[in-house]
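Novice: I am sharing run.cif, which consists of mmCIF, C-alpha atoms:
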```cif
data_run
loop_
_atom_site.label_atom_id
_atom_site.label_comp_id
_atom_site.auth_asym_id
_atom_site.auth_seq_id
_atom_site.Cartn_x
_atom_site.Cartn_y
_atom_site.Cartn_z
CA MET B 1 0.00 0.00 0.00
CA GLN B 2 1.19 3.50 -0.85
CA LEU B 3 0.84 6.10 1.89
CA GLY B 4 0.67 9.85 2.25
CA VAL B 5 -0.57 12.79 4.28
CA LEU B 6 -2.69 15.78 3.34
CA SER B 7 -3.57 19.23 4.55
CA LEU B 8 -6.94 20.93 4.23
CA GLY B 9 -5.46 24.32 5.05
CA SER B 10 -7.51 24.87 8.21
CA THR B 11 -6.88 28.07 10.16
CA GLN B 12 -8.79 26.98 13.27
CA PRO B 13 -7.26 28.40 16.48
CA ASP B 14 -5.62 26.05 18.96
CA PRO B 15 -8.46 25.22 21.42
CA VAL B 16 -6.02 24.44 24.24
CA THR B 17 -3.98 27.66 24.18
CA GLY B 18 -6.38 29.90 22.27
CA ALA B 19 -3.53 30.88 19.93
CA ALA B 20 -4.52 31.87 16.40
CA ALA B 21 -1.71 31.83 13.85
CA SER B 22 -1.38 34.12 10.84
CA ALA B 23 -2.10 32.95 7.31
CA THR B 24 1.65 33.08 6.67
CA ARG B 25 2.30 30.71 9.57
CA HIS B 26 -0.37 28.30 8.30
CA PHE B 27 1.22 28.23 4.85
CA ASP B 28 4.62 27.61 6.45
CA ASP B 29 3.17 24.70 8.43
CA VAL B 30 1.70 23.16 5.26
CA VAL B 31 5.08 23.31 3.52
CA ARG B 32 6.84 21.92 6.60
CA LEU B 33 4.34 19.06 6.75
CA ALA B 34 5.12 18.18 3.14
CA GLU B 35 8.83 18.22 3.88
CA LEU B 36 8.30 15.96 6.89
CA ALA B 37 6.27 13.56 4.76
CA GLU B 38 9.07 13.30 2.22
CA GLU B 39 11.70 12.87 4.94
CA ALA B 40 9.56 10.10 6.46
CA GLY B 41 9.60 8.21 3.16
CA LEU B 42 5.89 8.60 2.41
CA ASP B 43 4.67 8.43 -1.18
CA TYR B 44 2.20 11.33 -1.43
CA PHE B 45 1.46 14.78 -0.10
CA GLY B 46 -1.99 16.23 -0.75
CA PHE B 47 -3.47 19.71 -0.45
CA GLY B 48 -7.19 20.48 -0.49
CA GLU B 49 -9.31 23.24 -1.99
CA HIS B 50 -11.89 25.28 -0.05
CA HIS B 51 -13.34 28.73 -0.67
CA ALA B 52 -15.30 29.52 2.49
CA GLY B 53 -14.73 29.30 6.21
CA ARG B 54 -11.46 29.00 8.09
CA THR B 55 -8.95 27.96 5.46
CA VAL B 56 -5.93 28.99 3.41
CA ALA B 57 -6.70 26.34 0.78
CA THR B 58 -8.05 28.59 -1.96
CA ALA B 59 -5.15 28.27 -4.43
CA PRO B 60 -3.78 24.70 -4.47
CA PRO B 61 -1.62 25.12 -7.61
CA VAL B 62 0.30 27.94 -5.94
CA VAL B 63 0.81 26.06 -2.66
CA LEU B 64 1.81 22.84 -4.38
CA ALA B 65 4.27 24.76 -6.58
CA ALA B 66 5.96 26.06 -3.42
CA ILE B 67 6.10 22.50 -2.09
CA ALA B 68 7.48 21.23 -5.40
CA ALA B 69 10.40 23.64 -4.97
CA ARG B 70 11.13 22.30 -1.45
CA THR B 71 10.83 18.57 -2.21
CA SER B 72 12.24 16.25 -4.84
CA ARG B 73 10.60 12.83 -4.65
CA ILE B 74 7.16 12.80 -3.03
CA ARG B 75 4.18 12.86 -5.39
CA LEU B 76 1.89 15.89 -5.12
CA ILE B 77 -1.85 15.37 -5.28
CA THR B 78 -4.85 17.68 -4.96
CA THR B 79 -7.38 16.70 -2.32
CA VAL B 80 -9.63 17.85 -4.01
CA THR B 81 -9.69 20.01 -7.20
CA LEU B 82 -13.22 21.48 -7.33
CA LEU B 83 -13.61 20.93 -11.05
CA SER B 84 -17.36 21.54 -11.19
CA THR B 85 -16.86 25.21 -10.21
CA LEU B 86 -13.57 25.84 -12.04
CA ASP B 87 -12.91 26.68 -15.66
CA PRO B 88 -11.47 23.48 -17.16
CA LEU B 89 -9.08 25.32 -19.47
CA ARG B 90 -7.63 27.21 -16.51
CA VAL B 91 -7.29 23.91 -14.63
CA ALA B 92 -5.49 22.34 -17.59
CA GLU B 93 -3.03 25.24 -17.82
CA ASP B 94 -2.38 25.68 -14.08
CA TYR B 95 -1.80 22.04 -13.33
CA ALA B 96 0.22 21.34 -16.48
CA THR B 97 2.50 24.15 -15.29
CA LEU B 98 2.71 22.48 -11.88
CA ASP B 99 3.45 19.16 -13.56
CA HIS B 100 6.59 20.71 -15.08
CA LEU B 101 7.62 22.54 -11.91
CA SER B 102 7.39 19.27 -9.96
CA HIS B 103 9.21 17.33 -12.71
CA GLY B 104 6.25 15.06 -13.33
CA ARG B 105 5.09 14.43 -9.75
CA LEU B 106 1.55 15.81 -10.12
CA GLU B 107 -1.72 13.92 -9.67
CA LEU B 108 -5.25 15.32 -9.39
CA ILE B 109 -8.27 14.23 -7.41
CA VAL B 110 -11.26 15.94 -9.02
CA GLY B 111 -14.62 16.32 -7.33
CA LYS B 112 -17.35 18.66 -6.15
CA GLY B 113 -16.10 19.02 -2.59
CA ASN B 114 -18.29 18.85 0.53
CA SER B 115 -19.62 22.40 0.55
CA ALA B 116 -22.32 24.20 -1.38
CA ASP B 117 -20.54 27.56 -1.03
CA PRO B 118 -18.41 27.63 -4.23
CA TYR B 119 -21.42 27.37 -6.54
CA ALA B 120 -22.87 30.71 -5.49
CA MET B 121 -19.41 32.26 -5.08
CA PHE B 122 -18.36 31.44 -8.62
CA GLY B 123 -21.71 32.00 -10.31
CA TYR B 124 -22.88 28.42 -10.86
CA ASP B 125 -26.19 26.73 -10.10
CA ARG B 126 -25.62 23.94 -7.59
CA ALA B 127 -28.60 22.08 -9.02
CA GLN B 128 -26.42 21.47 -12.09
CA GLN B 129 -23.42 20.17 -10.13
CA TRP B 130 -23.24 16.72 -11.71
CA GLU B 131 -23.67 18.02 -15.26
CA LEU B 132 -20.96 20.61 -14.60
CA GLN B 133 -18.62 17.99 -13.21
CA ALA B 134 -19.04 15.64 -16.16
CA GLU B 135 -18.69 18.35 -18.81
CA HIS B 136 -15.71 20.06 -17.21
CA TYR B 137 -13.97 16.72 -16.83
CA GLU B 138 -14.56 15.83 -20.47
CA ILE B 139 -12.95 19.13 -21.48
CA LEU B 140 -9.98 18.69 -19.15
CA ARG B 141 -9.45 15.13 -20.34
CA ARG B 142 -9.42 16.20 -23.97
CA LEU B 143 -7.20 19.24 -23.38
CA TRP B 144 -4.53 17.04 -21.79
CA ARG B 145 -4.67 14.49 -24.59
CA GLU B 146 -5.35 16.52 -27.72
CA GLU B 147 -4.40 19.73 -29.47
CA ASP B 148 -6.77 22.06 -31.37
CA VAL B 149 -9.71 21.00 -29.22
CA THR B 150 -13.17 22.00 -30.41
CA PHE B 151 -16.00 21.38 -27.99
CA ARG B 152 -19.66 22.40 -27.80
CA GLY B 153 -21.16 21.91 -24.37
CA ARG B 154 -23.98 23.13 -22.21
CA PHE B 155 -21.73 25.31 -20.06
CA ARG B 156 -18.49 25.76 -22.01
CA SER B 157 -17.38 25.77 -25.62
CA LEU B 158 -13.92 25.71 -27.23
CA ASP B 159 -12.84 26.49 -30.79
CA GLY B 160 -9.56 24.90 -31.78
CA VAL B 161 -7.89 25.43 -28.38
CA THR B 162 -4.52 23.96 -27.45
CA SER B 163 -3.81 24.38 -23.75
CA LEU B 164 -0.28 25.43 -22.89
CA PRO B 165 2.04 24.23 -21.61
CA ARG B 166 1.43 20.65 -22.60
CA PRO B 167 1.70 18.51 -19.43
CA LEU B 168 4.97 16.71 -18.79
CA GLN B 169 3.20 13.45 -17.97
CA GLU B 170 1.10 12.15 -20.81
CA PRO B 171 -1.26 12.90 -19.12
CA PRO B 172 -1.03 13.45 -15.33
CA PRO B 173 -3.07 10.83 -13.41
CA VAL B 174 -6.57 11.89 -12.41
CA TRP B 175 -8.58 10.32 -9.60
CA HIS B 176 -12.28 10.96 -8.97
CA GLY B 177 -13.23 11.86 -5.41
CA VAL B 178 -16.29 9.95 -4.16
CA ALA B 179 -18.25 10.69 -1.01
CA THR B 180 -22.04 10.60 -1.37
CA SER B 181 -23.27 9.92 -4.90
CA LEU B 182 -23.03 7.13 -7.47
CA ALA B 183 -22.39 9.72 -10.18
CA SER B 184 -18.68 10.16 -9.44
CA PRO B 185 -17.78 6.43 -9.44
CA GLU B 186 -19.78 6.04 -12.64
CA LEU B 187 -17.86 8.88 -14.31
CA ALA B 188 -14.56 7.36 -13.19
CA ALA B 189 -15.42 3.86 -14.41
CA ARG B 190 -16.63 5.17 -17.77
CA ASN B 191 -13.29 6.90 -18.35
CA GLY B 192 -11.10 4.14 -16.92
CA ASP B 193 -9.91 6.29 -14.01
CA PRO B 194 -9.27 5.43 -10.34
CA ILE B 195 -11.43 6.67 -7.46
CA PHE B 196 -10.45 8.19 -4.13
CA VAL B 197 -12.86 7.59 -1.25
CA ALA B 198 -13.20 10.62 1.02
CA ASN B 199 -13.67 8.38 4.08
CA ALA B 200 -13.58 11.39 6.36
CA ILE B 201 -16.99 11.75 7.97
CA GLN B 202 -19.38 8.85 7.48
CA PRO B 203 -19.22 5.17 8.54
CA MET B 204 -17.20 2.75 6.41
CA GLU B 205 -20.19 1.07 4.79
CA ASN B 206 -21.55 4.34 3.38
CA TYR B 207 -18.41 4.60 1.28
CA GLY B 208 -18.18 0.86 0.72
CA ARG B 209 -21.31 0.90 -1.42
CA LEU B 210 -19.69 3.51 -3.66
CA VAL B 211 -16.61 1.32 -4.07
CA ASP B 212 -18.83 -1.65 -4.92
CA HIS B 213 -20.69 0.40 -7.52
CA TYR B 214 -17.42 1.58 -9.06
CA ARG B 215 -16.14 -1.97 -9.43
CA GLN B 216 -19.45 -3.11 -10.94
CA GLN B 217 -19.44 -0.24 -13.44
CA TRP B 218 -15.78 -0.91 -14.22
CA GLU B 219 -16.60 -4.45 -15.30
CA LEU B 220 -19.73 -3.36 -17.19
CA HIS B 221 -17.47 -1.19 -19.33
CA GLY B 222 -15.49 -4.29 -20.24
CA ARG B 223 -12.47 -3.53 -18.08
CA ASP B 224 -10.29 -6.03 -16.25
CA PRO B 225 -11.50 -6.12 -12.61
CA ALA B 226 -7.90 -6.37 -11.43
CA SER B 227 -7.06 -3.02 -13.00
CA ALA B 228 -9.65 -1.02 -11.01
CA ARG B 229 -7.80 1.17 -8.53
CA VAL B 230 -9.13 2.66 -5.28
CA GLY B 231 -7.55 5.13 -2.86
CA SER B 232 -8.89 6.25 0.51
CA GLY B 233 -8.58 9.12 2.92
CA GLY B 234 -8.85 9.36 6.70
CA MET B 235 -7.81 11.49 9.66
CA LEU B 236 -4.77 10.45 11.71
CA PHE B 237 -3.39 10.79 15.21
CA ALA B 238 -0.83 8.32 16.53
CA ALA B 239 0.45 8.06 20.11
CA LYS B 240 2.30 5.44 22.09
CA THR B 241 -0.91 4.14 23.70
CA SER B 242 -4.59 4.24 22.82
CA GLN B 243 -5.41 6.17 25.98
CA GLN B 244 -2.72 8.77 25.36
CA ALA B 245 -4.02 9.28 21.83
CA ARG B 246 -7.56 9.86 23.08
CA ASP B 247 -6.49 12.16 25.92
CA VAL B 248 -4.34 14.38 23.69
CA LEU B 249 -6.69 14.39 20.70
CA ARG B 250 -9.98 15.00 22.52
CA PRO B 251 -9.91 18.85 22.80
CA TYR B 252 -8.88 19.19 19.16
CA TYR B 253 -11.49 16.74 17.93
CA GLU B 254 -14.23 18.41 19.96
CA ALA B 255 -13.16 21.85 18.75
CA GLN B 256 -13.29 20.71 15.13
CA TRP B 257 -16.97 19.81 15.48
CA ALA B 258 -17.96 22.52 17.97
CA ASP B 259 -19.46 24.80 15.34
CA ARG B 260 -21.18 22.03 13.38
CA ASP B 261 -24.70 20.88 14.07
CA PRO B 262 -25.03 17.21 13.05
CA THR B 263 -28.83 17.53 13.01
CA ARG B 264 -28.78 20.37 10.49
CA ASP B 265 -29.58 19.54 6.88
CA ARG B 266 -26.37 20.25 5.00
CA GLY B 267 -27.88 19.46 1.61
CA GLY B 268 -26.46 15.98 1.20
CA VAL B 269 -22.90 17.17 0.69
CA GLY B 270 -21.31 14.52 2.90
CA ASP B 271 -20.48 16.74 5.85
CA GLU B 272 -22.27 14.80 8.58
CA PRO B 273 -20.06 13.38 11.35
CA ALA B 274 -20.16 9.62 11.94
CA GLY B 275 -20.73 10.22 15.65
CA ALA B 276 -20.77 13.05 18.14
CA THR B 277 -18.06 11.50 20.30
CA LEU B 278 -14.39 10.88 19.70
CA GLU B 279 -14.79 7.22 20.63
CA ARG B 280 -17.55 6.62 18.13
CA ASN B 281 -15.64 8.21 15.28
CA ILE B 282 -12.59 6.09 16.10
CA ALA B 283 -14.80 3.00 16.16
CA ALA B 284 -17.10 3.71 13.22
CA GLY B 285 -15.75 6.63 11.20
CA GLY B 286 -12.71 7.66 9.23
CA LEU B 287 -10.65 8.71 12.25
CA PHE B 288 -7.55 6.54 12.63
CA ALA B 289 -6.39 7.43 16.12
CA GLY B 290 -4.70 5.36 18.79
CA SER B 291 -1.60 3.26 19.27
CA PRO B 292 0.42 2.18 16.22
CA GLN B 293 -1.06 -1.32 16.30
CA GLU B 294 -4.60 0.00 16.70
CA ILE B 295 -4.14 2.12 13.57
CA VAL B 296 -2.62 -0.79 11.62
CA ASP B 297 -5.54 -3.04 12.57
CA LYS B 298 -8.16 -0.48 11.57
CA VAL B 299 -6.49 0.19 8.20
CA GLY B 300 -6.51 -3.56 7.64
CA THR B 301 -10.25 -3.67 8.27
CA TYR B 302 -10.87 -0.88 5.79
CA ARG B 303 -8.62 -2.48 3.20
CA GLU B 304 -10.63 -5.69 3.41
CA ARG B 305 -13.75 -3.64 2.61
CA TYR B 306 -12.43 -1.22 -0.02
CA GLY B 307 -9.53 -3.16 -1.54
CA HIS B 308 -7.59 0.10 -1.78
CA ASP B 309 -3.85 0.40 -2.45
CA LEU B 310 -3.37 4.08 -1.56
CA MET B 311 -4.21 5.79 1.73
CA ILE B 312 -3.67 9.47 2.47
CA PHE B 313 -4.26 10.73 6.02
CA GLY B 314 -5.07 14.19 7.34
CA PRO B 315 -3.02 14.67 10.54
CA GLN B 316 -4.03 18.30 11.23
CA ILE B 317 -7.12 18.11 13.44
CA GLY B 318 -9.03 20.94 15.11
CA GLY B 319 -6.29 23.55 15.41
CA MET B 320 -3.65 21.08 16.60
CA PRO B 321 -0.21 22.77 16.78
CA HIS B 322 2.44 21.73 14.30
CA GLN B 323 4.65 20.11 16.96
CA LEU B 324 1.93 17.62 17.92
CA VAL B 325 1.23 16.91 14.26
CA ALA B 326 4.93 16.28 13.65
CA GLU B 327 5.24 13.94 16.65
CA SER B 328 2.23 11.93 15.48
CA LEU B 329 3.64 11.72 11.96
CA ASP B 330 7.07 10.63 13.23
CA LEU B 331 5.49 7.77 15.19
CA PHE B 332 3.34 6.83 12.21
CA ALA B 333 6.37 6.72 9.92
CA ALA B 334 8.42 4.66 12.37
CA GLU B 335 5.87 2.11 13.58
CA VAL B 336 2.79 2.15 11.36
CA ALA B 337 3.95 2.82 7.80
CA PRO B 338 6.37 -0.16 7.59
CA GLN B 339 3.48 -2.53 8.43
CA LEU B 340 1.06 -0.89 5.99
CA ALA B 341 3.54 -0.72 3.15
CA VAL B 342 3.53 -4.51 2.80
CA LEU B 343 -0.26 -4.83 2.61
#
```
Could you write out this file's structure as structure tokens?
Specialist:
Amino acid sequence: MQLGVLSLGSTQPDPVTGAAASATRHFDDVVRLAELAEEAGLDYFGFGEHHAGRTVATAPPVVLAAIAARTSRIRLITTVTLLSTLDPLRVAEDYATLDHLSHGRLELIVGKGNSADPYAMFGYDRAQQWELQAEHYEILRRLWREEDVTFRGRFRSLDGVTSLPRPLQEPPPVWHGVATSLASPELAARNGDPIFVANAIQPMENYGRLVDHYRQQWELHGRDPASARVGSGGMLFAAKTSQQARDVLRPYYEAQWADRDPTRDRGGVGDEPAGATLERNIAAGGLFAGSPQEIVDKVGTYRERYGHDLMIFGPQIGGMPHQLVAESLDLFAAEVAPQLAVL
């Protein structure tokens, strides 16, 4: 199994000390986390995209370009590129540029994200989210494979356009993020692309049905079942003992959900917590927290269900300071990653 870590660019204050860092400090921490991931021998570093709330993750190509300049081996992946609300030509140009700056280390996860905010912010109708996603992906796919692209769509048209620069990889790998709907796994299977399961909020089985549907669609399109590829996300906190992990993590976990009402209708965007308590999310959700062996065992359970060969964890939880994140990642790299790598 390949492994990595990701950042969602949260600017949440530290709930223990009350300290609130500047945007500059948050960007520095993201870059330092990527450097730590490479030093730890991990395979991937991911950076998310959000356009509302407490975040610095509004410009992933810029952040990942900075990381490309500070690293040399680790692959850089977007978690996630909000393709339904972005211009696909701009995406093709920005990320092809990043592909060159990283010397061919770029991969994309495309999706809608888990928030309704970008649709209104960027002038799109959220009711058309799936049509936008499919059309924008068709354009991006063609732009990275063809020159002089002519396209007539419902939302976007092109007349003999060649996106520049041409990507270094031919083309960069694209994953489809899946969280709530069968539409994304269907789009991925139709195009012969891998899927990345969000696995951040809901119980395992909610995502498992999406993986099952993807594999079924993959075979219906005449593809070799063995060639279907699945990745998965999750949140991470490792400590020497299970009790220590829970004691240290609890204020950060509770702070992360403090301003979220799990009973509120969030429009089906996949932002409902698996449980109100830390213990329930460790037991039934995508939170991988505890001793090294506890984390290894839980990843094994998920791998039996999803059959995934890539897992990327988010270690920054609820305003946790960088030092705690680094200590957790060091323990993960030393005692968890070697066991997962052979799965």
Novice: Convert the output of the PyMOL selection byres ((chain B and resi 292) around 7) on the shown file into explicit residues, formatted as a compact mmCIF listing (two decimals) with C-alpha atoms, in the frame of the given file.
Specialist:
```
# COMPACT_ATOMS: atom_id res chain seq x y z
CA ALA B 238 -0.83 8.32 16.53
CA LYS B 240 2.30 5.44 22.09
CA GLY B 290 -4.70 5.36 18.79
CA SER B 291 -1.60 3.26 19.27
CA GLN B 293 -1.06 -1.32 16.30
CA GLU B 294 -4.60 0.00 16.70
CA ILE B 295 -4.14 2.12 13.57
CA VAL B 296 -2.62 -0.79 11.62
CA PHE B 332 3.34 6.83 12.21
CA GLU B 335 5.87 2.11 13.58
CA VAL B 336 2.79 2.15 11.36
```
Novice: Compare B:Met320, B:Met121, B:Leu76, B:Met235 by their minimum atom-to-atom distance to B:Gly286, counting all atoms listed in the file, and give me the closest one.
Specialist: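 Closest to B:Gly286 of all the choices is B:Met235.
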Novice: Could you check which of B:Thr78, B:Ser163, B:Thr97, B:Gln256 is closest to B:Trp175, using only C-alpha atoms?
Specialist: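 Residue with the minimum atom-to-atom distance to B:Trp175: B:Thr78.
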Novice: Determine, counting only C-alpha atoms, which protein, DNA and RNA residues have an atom within 9 Å of an atom of B:Val63; residues of the same chain fewer than 5 positions away are not included. Present the result as a PyMOL selection string.
Specialist: chain B and resi 27+30-31+47+57+68
Novice: List the spatial neighbours of stretch 107-118 of chain B as a list in words - criterion: any atom at most 7 Å away, all atoms listed in the file, same-chain residues fewer than 2 positions off excluded.
Specialist: His51, Ala52, Leu76, Ile77, Thr78, Thr79, Val80, Thr81, Leu82, Leu83, Ser84, Thr85, Arg105, Ala120, Met121, Phe122, Pro172, Pro173, Val174, Trp175, His176, Gly177, Val269, Gly270 and Asp271 of chain B
